[in-house]
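Data file: input.txt. Format and content: compact mmCIF, C-alpha atoms.
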# COMPACT_ATOMS: atom_id res chain seq x y z
CA MET L 1 -31.83 -3.34 44.21
CA GLY L 2 -31.31 -7.12 44.23
CA PHE L 3 -29.37 -8.96 41.53
CA LYS L 4 -32.58 -10.67 40.33
CA ASP L 5 -34.18 -7.28 39.75
CA LEU L 6 -31.78 -6.79 36.87
CA PHE L 7 -33.67 -9.43 34.91
CA LYS L 8 -37.10 -7.83 35.04
CA LYS L 9 -37.17 -6.56 31.48
CA LYS L 10 -39.24 -7.38 28.46
CA LYS L 11 -37.34 -9.77 26.20
CA LYS L 12 -36.44 -8.58 22.72
CA ASN L 13 -33.48 -8.84 20.40
CA LYS L 14 -30.41 -7.20 21.93
CA VAL L 15 -26.62 -7.14 21.71
CA CYS L 16 -24.25 -6.94 24.67
CA VAL L 17 -20.50 -6.33 24.29
CA ILE L 18 -17.87 -6.73 27.00
CA GLY L 19 -14.49 -5.15 26.24
CA LEU L 20 -11.32 -6.16 28.07
CA ASP L 21 -8.71 -3.61 27.12
CA GLY L 22 -5.42 -5.17 26.05
CA VAL L 23 -6.19 -8.73 27.15
CA PRO L 24 -4.37 -11.16 24.86
CA TYR L 25 -5.91 -14.32 23.43
CA SER L 26 -3.09 -16.36 24.99
CA LEU L 27 -3.57 -14.97 28.51
CA LEU L 28 -7.35 -15.41 28.37
CA GLN L 29 -6.97 -19.07 27.42
CA ASN L 30 -4.33 -19.64 30.08
CA LEU L 31 -6.27 -18.08 32.97
CA ALA L 32 -9.44 -19.90 31.90
CA GLN L 33 -7.58 -23.23 31.88
CA GLN L 34 -6.00 -22.50 35.28
CA GLY L 35 -9.42 -21.90 36.84
CA VAL L 36 -8.67 -18.24 37.55
CA MET L 37 -11.49 -17.18 35.19
CA PRO L 38 -14.19 -19.89 35.53
CA TYR L 39 -16.93 -17.96 33.73
CA THR L 40 -14.57 -17.33 30.83
CA ALA L 41 -13.78 -21.05 30.76
CA GLU L 42 -17.50 -21.79 30.49
CA LEU L 43 -17.80 -19.36 27.58
CA LEU L 44 -14.82 -20.87 25.78
CA ASP L 45 -16.42 -24.30 26.05
CA SER L 46 -19.76 -23.08 24.73
CA GLY L 47 -18.79 -20.64 21.97
CA TYR L 48 -16.06 -19.58 19.57
CA LEU L 49 -12.84 -17.84 20.57
CA HIS L 50 -10.99 -16.11 17.75
CA LYS L 51 -7.46 -14.79 17.66
CA MET L 52 -7.80 -11.32 16.18
CA LYS L 53 -5.55 -8.61 14.73
CA ALA L 54 -5.72 -5.13 16.24
CA SER L 55 -5.11 -1.86 14.43
CA LEU L 56 -1.79 -0.48 13.29
CA PRO L 57 -0.44 1.17 15.31
CA GLU L 58 -1.58 -1.36 17.91
CA ILE L 59 -2.89 1.20 20.40
CA SER L 60 -6.29 1.81 21.95
CA ALA L 61 -6.89 5.21 20.35
CA VAL L 62 -6.80 3.64 16.90
CA SER L 63 -8.02 0.13 17.62
CA TRP L 64 -11.17 1.13 19.51
CA THR L 65 -11.89 3.69 16.80
CA ASN L 66 -11.54 0.98 14.14
CA PHE L 67 -13.99 -1.08 16.21
CA MET L 68 -16.67 1.55 16.56
CA THR L 69 -16.48 2.74 12.93
CA GLY L 70 -15.67 -0.50 11.11
CA SER L 71 -13.00 1.39 9.21
CA ASN L 72 -9.33 2.40 9.32
CA PRO L 73 -7.47 5.68 9.99
CA GLY L 74 -7.50 6.59 6.31
CA THR L 75 -11.28 6.77 6.61
CA HIS L 76 -11.93 7.84 10.22
CA GLY L 77 -8.95 10.19 10.54
CA ILE L 78 -7.54 9.05 13.92
CA PHE L 79 -3.93 7.88 13.53
CA GLY L 80 -2.80 7.87 17.17
CA PHE L 81 -3.10 9.45 20.60
CA THR L 82 -1.23 12.44 19.16
CA ASP L 83 -1.11 14.14 15.78
CA PHE L 84 0.26 17.32 14.26
CA LYS L 85 -1.46 20.65 14.47
CA LYS L 86 -2.17 21.79 10.93
CA GLY L 87 0.84 23.42 9.30
CA SER L 88 3.01 22.78 12.36
CA TYR L 89 5.30 20.34 14.13
CA ASP L 90 3.44 20.94 17.39
CA LEU L 91 1.35 18.06 18.64
CA ARG L 92 -2.29 17.91 19.67
CA PHE L 93 -4.52 15.20 21.11
CA PRO L 94 -7.27 14.22 18.64
CA ASN L 95 -10.59 13.60 20.35
CA PHE L 96 -14.05 12.29 19.57
CA LEU L 97 -15.01 15.50 17.81
CA ASP L 98 -12.23 14.85 15.27
CA LEU L 99 -13.75 11.54 14.22
CA GLN L 100 -14.61 11.67 10.52
CA LYS L 101 -16.76 8.51 10.31
CA GLU L 102 -19.98 7.67 12.11
CA THR L 103 -19.98 4.89 14.67
CA PHE L 104 -22.12 1.79 14.41
CA TRP L 105 -24.25 3.04 17.30
CA ASP L 106 -24.93 6.16 15.21
CA THR L 107 -26.23 3.73 12.58
CA LEU L 108 -28.33 1.96 15.22
CA GLY L 109 -29.70 5.31 16.36
CA LYS L 110 -30.97 6.00 12.84
CA GLN L 111 -32.82 2.69 13.14
CA LYS L 112 -34.44 3.93 16.38
CA LYS L 113 -32.31 1.56 18.44
CA LYS L 114 -30.99 2.74 21.78
CA SER L 115 -27.41 2.21 22.95
CA ILE L 116 -25.89 2.30 26.43
CA ILE L 117 -22.10 2.48 26.40
CA ILE L 118 -19.94 2.44 29.54
CA ASN L 119 -16.27 3.41 29.39
CA GLN L 120 -15.69 3.30 25.63
CA PRO L 121 -12.14 4.63 25.04
CA SER L 122 -11.58 7.42 22.51
CA THR L 123 -15.09 8.88 22.85
CA TYR L 124 -14.21 12.07 24.75
CA PRO L 125 -15.85 14.50 24.85
CA ALA L 126 -19.07 12.53 24.82
CA ARG L 127 -21.38 13.49 21.99
CA LYS L 128 -25.07 13.02 21.43
CA LEU L 129 -26.47 9.61 20.59
CA ASN L 130 -29.75 7.76 20.98
CA GLY L 131 -29.04 6.50 24.47
CA THR L 132 -26.26 6.91 27.02
CA LEU L 133 -22.51 7.29 26.67
CA ILE L 134 -19.82 7.34 29.36
CA SER L 135 -16.48 8.12 27.72
CA GLY L 136 -13.40 6.10 28.58
CA PHE L 137 -9.82 7.32 28.58
CA VAL L 138 -8.47 9.75 27.56
CA ALA L 139 -11.21 11.70 29.37
CA ILE L 140 -10.26 14.64 31.56
CA ASP L 141 -13.54 15.93 32.99
CA LEU L 142 -16.45 13.66 33.97
CA ALA L 143 -18.89 16.45 33.14
CA LYS L 144 -17.76 16.32 29.50
CA ALA L 145 -17.48 12.53 29.49
CA VAL L 146 -21.19 11.75 29.80
CA PHE L 147 -24.27 12.02 27.65
CA PRO L 148 -26.86 12.97 28.71
CA TYR L 149 -25.26 15.47 31.07
CA PRO L 150 -27.49 14.78 34.16
CA LEU L 151 -25.93 11.30 34.37
CA LYS L 152 -22.85 12.95 35.89
CA ASP L 153 -24.54 13.41 39.27
CA SER L 154 -25.51 9.76 39.63
CA LEU L 155 -22.02 8.62 38.63
CA GLN L 156 -20.45 10.90 41.23
CA LYS L 157 -22.72 9.38 43.89
CA ILE L 158 -21.29 5.91 43.19
CA ASN L 159 -17.70 7.27 43.15
CA TYR L 160 -17.33 6.38 39.49
CA GLN L 161 -13.92 7.21 38.06
CA ILE L 162 -12.92 7.03 34.43
CA ASP L 163 -9.43 5.63 34.90
CA ILE L 164 -6.88 4.86 37.55
CA ASP L 165 -4.21 7.41 38.46
CA THR L 166 -1.62 6.03 36.06
CA PHE L 167 1.20 8.31 37.21
CA LYS L 168 0.89 7.35 40.87
CA SER L 169 0.16 3.70 40.09
CA ARG L 170 3.31 3.12 38.09
CA GLU L 171 5.43 4.13 41.09
CA ASP L 172 3.25 2.86 43.96
CA HIS L 173 1.97 -0.65 43.30
CA GLU L 174 0.08 -0.85 46.58
CA PHE L 175 -1.91 2.17 45.41
CA LEU L 176 -2.34 0.48 42.00
CA TRP L 177 -4.31 -2.41 43.48
CA LYS L 178 -6.58 -0.09 45.43
CA ASP L 179 -7.25 2.12 42.42
CA LEU L 180 -7.90 -0.87 40.16
CA GLU L 181 -10.44 -2.18 42.68
CA LYS L 182 -12.15 1.20 43.04
CA THR L 183 -12.42 1.66 39.29
CA LEU L 184 -13.76 -1.84 38.72
CA GLN L 185 -16.39 -1.35 41.42
CA GLY L 186 -17.49 1.84 39.70
CA ARG L 187 -17.92 -0.04 36.40
CA GLU L 188 -20.07 -2.66 38.12
CA LYS L 189 -22.27 -0.07 39.84
CA ALA L 190 -22.75 1.76 36.55
CA PHE L 191 -23.74 -1.54 34.92
CA GLN L 192 -26.26 -2.33 37.65
CA SER L 193 -27.81 1.11 37.33
CA LEU L 194 -27.96 1.39 33.54
CA TRP L 195 -28.94 -2.21 32.84
CA LYS L 196 -32.44 -1.37 34.09
CA GLU L 197 -32.90 1.13 31.28
CA ASP L 198 -34.47 0.30 27.94
CA TRP L 199 -31.77 -0.49 25.37
CA ASP L 200 -30.94 -2.48 22.26
CA TYR L 201 -27.15 -2.31 22.44
CA PHE L 202 -25.24 -2.44 25.73
CA GLU L 203 -21.44 -2.17 26.06
CA ILE L 204 -19.10 -2.10 29.02
CA VAL L 205 -15.30 -1.86 28.79
CA VAL L 206 -12.71 -2.66 31.48
CA THR L 207 -9.46 -0.71 31.07
CA GLY L 208 -7.77 -1.71 34.31
CA THR L 209 -6.55 -4.87 32.56
CA ASP L 210 -4.38 -2.77 30.24
CA ARG L 211 -3.00 -0.70 33.11
CA LEU L 212 -2.10 -3.74 35.17
CA MET L 213 -0.26 -5.43 32.31
CA HIS L 214 1.73 -2.30 31.48
CA PHE L 215 2.96 -1.96 35.04
CA LEU L 216 3.12 -5.57 36.26
CA TRP L 217 3.17 -7.98 33.32
CA ASN L 218 6.09 -9.72 35.04
CA ALA L 219 3.77 -10.52 37.96
CA TYR L 220 1.77 -12.67 35.53
CA GLU L 221 4.72 -14.50 34.00
CA ASP L 222 6.64 -15.09 37.23
CA SER L 223 4.74 -17.31 39.68
CA GLN L 224 7.21 -16.31 42.41
CA HIS L 225 6.60 -12.60 41.93
CA PHE L 226 5.47 -10.75 45.06
CA TYR L 227 2.29 -9.62 43.29
CA HIS L 228 1.55 -12.79 41.29
CA GLN L 229 -1.50 -13.68 43.38
CA ASN L 230 -2.75 -10.09 43.25
CA PHE L 231 -2.56 -10.27 39.47
CA LEU L 232 -4.60 -13.47 39.37
CA ASP L 233 -7.08 -12.11 41.91
CA TYR L 234 -7.72 -9.03 39.78
CA PHE L 235 -8.51 -11.14 36.73
CA ARG L 236 -10.76 -13.27 38.91
CA LYS L 237 -12.71 -10.10 39.77
CA VAL L 238 -12.87 -9.15 36.09
CA ASP L 239 -14.23 -12.62 35.35
CA ASN L 240 -16.87 -12.12 38.05
CA LEU L 241 -17.98 -8.84 36.45
CA MET L 242 -18.16 -10.63 33.11
CA TYR L 243 -20.32 -13.29 34.75
CA LYS L 244 -22.73 -10.70 36.13
CA VAL L 245 -23.06 -8.98 32.76
CA GLY L 246 -23.11 -12.18 30.70
CA SER L 247 -25.58 -14.09 32.88
CA SER L 248 -27.84 -11.03 33.04
CA PHE L 249 -27.84 -10.93 29.26
CA LYS L 250 -28.56 -14.65 28.97
CA LYS L 251 -31.48 -14.31 31.36
CA LEU L 252 -32.78 -11.31 29.46
CA ASN L 253 -32.23 -12.68 25.97
CA GLY L 254 -32.98 -16.36 26.56
CA ASN L 255 -29.56 -17.41 25.24
CA ARG L 256 -26.06 -16.05 24.58
CA GLU L 257 -26.64 -15.16 20.95
CA GLY L 258 -25.71 -11.49 20.64
CA LEU L 259 -23.17 -11.59 23.49
CA TYR L 260 -19.71 -10.59 22.27
CA ILE L 261 -16.44 -10.21 24.18
CA LEU L 262 -13.26 -8.68 22.78
CA SER L 263 -9.96 -6.95 23.38
CA ASP L 264 -8.47 -4.11 21.36
CA HIS L 265 -4.90 -5.49 21.25
CA GLY L 266 -2.76 -8.10 22.94
CA PHE L 267 0.12 -7.86 25.41
CA THR L 268 3.55 -9.31 26.07
CA GLY L 269 6.60 -8.57 28.19
CA ILE L 270 9.22 -5.98 27.26
CA LYS L 271 12.83 -6.93 26.53
CA GLN L 272 13.88 -3.51 25.29
CA GLU L 273 12.26 -0.24 24.34
CA VAL L 274 13.29 0.94 20.87
CA PHE L 275 13.55 4.67 20.23
CA LEU L 276 12.88 5.23 16.55
CA ASN L 277 13.94 8.88 16.44
CA ALA L 278 17.29 7.96 18.00
CA TRP L 279 17.68 5.32 15.28
CA LEU L 280 16.70 7.76 12.52
CA GLU L 281 19.20 10.26 13.90
CA LYS L 282 21.93 7.62 14.05
CA GLU L 283 21.22 6.71 10.42
CA ASN L 284 21.37 10.42 9.41
CA TYR L 285 17.71 10.72 8.42
CA LEU L 286 16.96 13.10 11.30
CA GLN L 287 18.84 16.11 12.66
CA PHE L 288 17.94 18.70 15.29
CA ASN L 289 18.91 22.33 15.73
CA THR L 290 19.88 21.66 19.33
CA SER L 291 21.79 18.98 21.20
CA SER L 292 18.90 18.48 23.62
CA PRO L 293 15.67 18.57 21.61
CA GLN L 294 12.37 18.67 23.46
CA ASN L 295 10.01 18.31 20.51
CA LEU L 296 9.88 17.98 16.74
CA SER L 297 9.62 21.74 16.20
CA GLN L 298 13.38 21.77 16.84
CA LEU L 299 14.24 19.48 13.94
CA SER L 300 16.53 20.68 11.18
CA PRO L 301 15.07 21.46 7.74
CA LYS L 302 17.59 18.90 6.42
CA SER L 303 15.74 16.06 8.18
CA GLN L 304 14.31 13.46 5.82
CA ALA L 305 12.16 11.50 8.29
CA PHE L 306 10.97 11.41 11.91
CA ALA L 307 8.74 9.30 14.14
CA LEU L 308 5.69 9.77 16.35
CA ASP L 309 4.62 7.41 19.13
CA PRO L 310 4.58 4.56 19.04
CA ASN L 311 5.82 3.36 15.65
CA ARG L 312 4.78 5.88 13.00
CA ILE L 313 7.44 7.18 10.59
CA TYR L 314 6.77 10.28 8.51
CA VAL L 315 8.74 11.31 5.44
CA HIS L 316 9.60 15.04 5.75
CA LEU L 317 7.75 15.98 2.58
CA LYS L 318 7.62 19.36 0.92
CA ASN L 319 4.07 20.78 0.91
CA LYS L 320 3.11 18.54 3.85
CA PHE L 321 5.39 19.96 6.55
CA PRO L 322 6.47 23.60 6.96
CA GLN L 323 10.19 22.90 6.40
CA GLY L 324 9.83 19.71 4.40
CA CYS L 325 12.81 18.90 2.18
CA VAL L 326 11.85 15.65 0.44
CA ASP L 327 10.28 15.81 -3.02
CA GLU L 328 7.30 13.56 -3.75
CA SER L 329 9.41 11.88 -6.46
CA GLU L 330 11.98 10.86 -3.81
CA LYS L 331 9.51 9.50 -1.27
CA GLU L 332 9.20 5.87 -2.40
CA GLU L 333 12.93 5.31 -2.66
CA LEU L 334 13.46 6.83 0.79
CA LYS L 335 10.76 4.59 2.28
CA ARG L 336 12.38 1.51 0.74
CA GLU L 337 15.79 2.52 2.09
CA ILE L 338 14.49 3.07 5.64
CA THR L 339 12.50 -0.17 5.49
CA ASP L 340 15.51 -2.21 4.38
CA LYS L 341 17.67 -0.81 7.19
CA LEU L 342 14.99 -1.37 9.84
CA ASN L 343 14.57 -4.97 8.70
CA ARG L 344 18.26 -5.51 9.49
CA LEU L 345 18.10 -3.90 12.95
CA GLU L 346 19.22 -6.28 15.71
CA TYR L 347 19.63 -6.27 19.47
CA GLN L 348 22.24 -8.70 20.82
CA GLY L 349 21.88 -10.83 17.70
CA GLU L 350 18.08 -10.83 17.77
CA LYS L 351 15.94 -9.32 15.02
CA VAL L 352 13.98 -6.33 16.30
CA VAL L 353 11.58 -5.59 13.45
CA ARG L 354 9.01 -8.09 12.28
CA ARG L 355 7.67 -6.05 9.39
CA VAL L 356 7.57 -2.48 8.14
CA PHE L 357 4.18 -1.63 6.64
CA ASP L 358 3.73 0.98 3.94
CA SER L 359 0.67 3.00 4.93
CA ASN L 360 -0.75 2.44 1.45
CA GLU L 361 -0.98 -1.27 2.28
CA ILE L 362 -3.10 -0.87 5.37
CA TYR L 363 -4.94 2.45 5.13
CA LYS L 364 -7.63 3.39 2.63
CA GLY L 365 -9.73 6.53 2.47
CA PRO L 366 -9.73 10.30 2.03
CA PHE L 367 -7.40 10.98 4.99
CA LEU L 368 -4.61 8.62 3.94
CA SER L 369 -2.21 11.48 3.17
CA HIS L 370 -2.66 12.90 6.70
CA GLY L 371 -1.09 9.86 8.31
CA PRO L 372 2.37 8.31 8.56
CA ASP L 373 4.22 6.83 5.61
CA LEU L 374 5.55 3.73 7.40
CA LEU L 375 4.47 1.71 10.45
CA VAL L 376 7.07 -0.41 12.19
CA LEU L 377 5.79 -3.67 13.67
CA SER L 378 8.29 -5.14 16.09
CA HIS L 379 8.90 -8.67 17.22
CA TYR L 380 7.42 -9.46 20.63
CA GLY L 381 9.44 -7.82 23.38
CA PHE L 382 10.67 -4.78 21.46
CA ASP L 383 8.48 -1.82 22.37
CA MET L 384 8.61 0.98 19.77
CA LYS L 385 8.73 4.57 21.06
CA GLY L 386 8.70 8.01 19.45
CA SER L 387 10.58 10.11 22.04
CA VAL L 388 12.87 12.82 20.64
CA LYS L 389 14.79 13.15 23.91
CA LYS L 390 16.48 9.74 23.90
CA LYS L 391 20.01 9.46 22.55
CA GLU L 392 20.32 5.67 22.58
CA VAL L 393 18.31 3.39 20.31
CA PHE L 394 17.64 0.83 23.06
CA GLY L 395 16.67 1.36 26.69
CA ARG L 396 14.31 0.40 29.52
CA SER L 397 11.80 2.22 31.71
CA HIS L 398 9.45 1.22 34.54
CA LEU L 399 7.01 -0.35 32.06
CA GLN L 400 6.89 -4.15 32.04
CA GLY L 401 4.35 -4.91 29.31
CA MET L 402 3.81 -3.79 25.71
CA HIS L 403 1.01 -4.05 23.17
CA THR L 404 0.90 -6.73 20.48
CA TRP L 405 -0.85 -6.61 17.12
CA ASP L 406 -1.98 -10.14 16.41
CA ASP L 407 -2.90 -11.53 19.84
CA ALA L 408 -6.17 -9.73 20.52
CA PHE L 409 -9.30 -11.88 20.91
CA PHE L 410 -12.96 -11.99 19.97
CA TRP L 411 -15.53 -14.37 21.48
CA SER L 412 -19.01 -15.12 20.18
CA ALA L 413 -21.58 -17.75 20.97
CA THR L 414 -22.34 -18.29 17.29
CA GLU L 415 -19.92 -16.49 14.97
CA LYS L 416 -17.08 -18.39 13.30
CA ALA L 417 -14.60 -16.29 11.33
CA GLN L 418 -11.11 -16.38 9.83
CA ASP L 419 -8.50 -13.64 9.41
CA LEU L 420 -10.46 -11.46 11.77
CA THR L 421 -9.50 -7.85 12.48
CA ILE L 422 -11.12 -5.50 14.96
CA SER L 423 -12.53 -3.46 12.06
CA HIS L 424 -14.77 -6.41 11.15
CA LEU L 425 -16.68 -6.42 14.43
CA SER L 426 -19.06 -3.55 13.77
CA SER L 427 -20.39 -5.42 10.72
CA ILE L 428 -20.89 -8.55 12.82
CA ILE L 429 -22.87 -6.53 15.37
CA LEU L 430 -24.98 -4.73 12.77
CA ASN L 431 -25.58 -7.97 10.88
CA HIS L 432 -26.86 -9.56 14.07
CA PHE L 433 -29.56 -6.91 14.32
CA GLN L 434 -30.35 -7.26 10.61
CA LYS L 435 -30.61 -11.06 10.74
CA SER L 436 -32.91 -10.87 13.72
CA HIS L 437 -35.02 -8.23 11.95
CA ASP L 438 -35.28 -10.38 8.82
CA SER L 439 -36.30 -13.45 10.80

Here is the file; what I need is its structure written in the form of structure tokens.
Amino acid sequence: MGFKDLFKKKKKNKVCVIGLDGVPYSLLQNLAQQGVMPYTAELLDSGYLHKMKASLPEISAVSWTNFMTGSNPGTHGIFGFTDFKKGSYDLRFPNFLDLQKETFWDTLGKQKKKSIIINQPSTYPARKLNGTLISGFVAIDLAKAVFPYPLKDSLQKINYQIDIDTFKSREDHEFLWKDLEKTLQGREKAFQSLWKEDWDYFEIVVTGTDRLMHFLWNAYEDSQHFYHQNFLDYFRKVDNLMYKVGSSFKKLNGNREGLYILSDHGFTGIKQEVFLNAWLEKENYLQFNTSSPQNLSQLSPKSQAFALDPNRIYVHLKNKFPQGCVDESEKEELKREITDKLNRLEYQGEKVVRRVFDSNEIYKGPFLSHGPDLLVLSHYGFDMKGSVKKKEVFGRSHLQGMHTWDDAFFWSATEKAQDLTISHLSSIILNHFQKSHDS
């Protein structure tokens, strides 16, 4: 099939979304200005680029879920990549079946509009919708990551893979480049195949951007880095995929109205990783029954608070946790005490914590009580972690880049907005369909 064949479709009102996982507003502007991303530069000159806040915590599992539901964890029920099993300190991995709020493409389906979604994170296992869904990470089995099921065979024929091998890639950077290339090619082939279908809403997400910045953010910042050119070349390829999708949409739609591009959080380099459970233990809020704990089930009943990845602090409440020791009447004072101490935390004279959010400030809805009590937002460079195995508050690993909260981006040909969060975007998309219907 030739590239021009992609355009042979009847014109009607449509929306197309391109997601670039983790790409910060600042990096996008910089690479566009440098000429690394020429199509992006053209878009920035012709539309509106917004700096946007991600979710809290600033991770894909929550931020993409905020995007697709237009809500927050208190309403949709997803608070992180992990959560507690009911009545236990054991952890589980919430999935798409745990989502308590419908997505905006569910809403579109009720309006008889068809959606095609490629590589949407936090949608595994794929569930029924009016159209096609290919789940993004965390997706284990391709057979359970697609709807309708027969799509699996065609994806296997084009060597489509959901994600890179993150474990091998973090150690072997030569393998990383090959796996990033293979995964990106699979996205493009899936786009070329599914674009021919009839649809009203089309979405494609690139997650290799996030992986690259976790493992080799320093290759972006350091122009003398051995892999600096590889880093730029990868973003040039991402820009080329954006061009193919964006120009196809413009040809199909007659203009760029209804084309949206976004990221789910930003990125920056890591100075130090900060282990919240080690800090809580040092401050005598957390104790374990063993000198070498492996998980939270080994905490002492005397513990007043503990943390889950990446920056969620839970008060050890009676009636919420099996061995909880904190009365509801003591909770607010304990939260204030922990917040005050975290606000004073420093590393080599530098403030670590930017702000500690009370969950009541940022979450609303029927599942509010299921989530954490505090969320710790760090200053850039201090990467919050929830490990129970670390003994020191500060440390470093192989990771070079960390997520940021307020440096995500949203681009639109027509929309101008202020104080934008990723939860607002579903309304923008649905309003586009409604405005077009009314006109």

Best match for closeness to Pro73 (chain L) among L:Asp90, L:Asp264, L:Asp200, L:Asp98, counting all atoms listed in the file:
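Nearest to Pro73 (chain L): L:Asp98.
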
From the options L:Asp407, L:Asp309, L:Asp172, L:Asp45, which residue's atoms come nearest to Met384 (chain L), counting all atoms listed in the file?
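Of L:Asp407, L:Asp309, L:Asp172, L:Asp45, the one nearest Met384 (chain L), counting all atoms listed in the file, is L:Asp309.
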
Could you give me, as a list in words, the residues within 9 Å of region 280-285 of chain L, counting all atoms listed in the file and dropping anything in the same chain fewer than 5 positions from it?
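Residues meeting the cut-off are Phe275, Lys302, Ser303, Gln304, Ala305, Phe306, Ala307, Ile338, Lys341, Lys391, Glu392 and Val393 of chain L.
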
Grab the residues selected above and save them as a PDB file, in the coordinates of the input with C-alpha atoms.
ATOM      1  CA  PHE L 275      13.550   4.670  20.230  1.00  0.00           C
ATOM      2  CA  LYS L 302      17.590  18.900   6.420  1.00  0.00           C
ATOM      3  CA  SER L 303      15.740  16.060   8.180  1.00  0.00           C
ATOM      4  CA  GLN L 304      14.310  13.460   5.820  1.00  0.00           C
ATOM      5  CA  ALA L 305      12.160  11.500   8.290  1.00  0.00           C
ATOM      6  CA  PHE L 306      10.970  11.410  11.910  1.00  0.00           C
ATOM      7  CA  ALA L 307       8.740   9.300  14.140  1.00  0.00           C
ATOM      8  CA  ILE L 338      14.490   3.070   5.640  1.00  0.00           C
ATOM      9  CA  LYS L 341      17.670  -0.810   7.190  1.00  0.00           C
ATOM     10  CA  LYS L 391      20.010   9.460  22.550  1.00  0.00           C
ATOM     11  CA  GLU L 392      20.320   5.670  22.580  1.00  0.00           C
ATOM     12  CA  VAL L 393      18.310   3.390  20.310  1.00  0.00           C
TER      13      VAL L 393
END

Quick check, in Å to one decimal: how far apart do CA of Pro121 (chain L) and CA of Val388 (chain L) lie?
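CA of Val388 (chain L) lies 26.7 Å from CA of Pro121 (chain L).
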
Please, which residues in region 40-138 of chain L fall within 9 Å of region 310-313 of chain L when counting only C-alpha atoms, and what is the closest atom pair and distance in Å to one decimal for each, ordered by chain then residue number, as a tab-separated table?
residue	atom	partner	partner_atom	distance
L:Leu56	CA	L:Asn311	CA	8.8
L:Pro57	CA	L:Asn311	CA	6.6
L:Glu58	CA	L:Pro310	CA	8.6
L:Ile59	CA	L:Pro310	CA	8.3
L:Phe79	CA	L:Arg312	CA	9.0
L:Gly80	CA	L:Pro310	CA	8.3

Selected residues written out with C-alpha atoms, as a PDB file, in the coordinates of the input:
ATOM      1  CA  LEU L  56      -1.790  -0.480  13.290  1.00  0.00           C
ATOM      2  CA  PRO L  57      -0.440   1.170  15.310  1.00  0.00           C
ATOM      3  CA  GLU L  58      -1.580  -1.360  17.910  1.00  0.00           C
ATOM      4  CA  ILE L  59      -2.890   1.200  20.400  1.00  0.00           C
ATOM      5  CA  PHE L  79      -3.930   7.880  13.530  1.00  0.00           C
ATOM      6  CA  GLY L  80      -2.800   7.870  17.170  1.00  0.00           C
TER       7      GLY L  80
END

Proximity to Gln323 (chain L) - best of L:Gln272, L:Ser300, L:Thr132, L:Gln434, all atoms listed in the file:
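Residue with the minimum atom-to-atom distance to Gln323 (chain L): L:Ser300.
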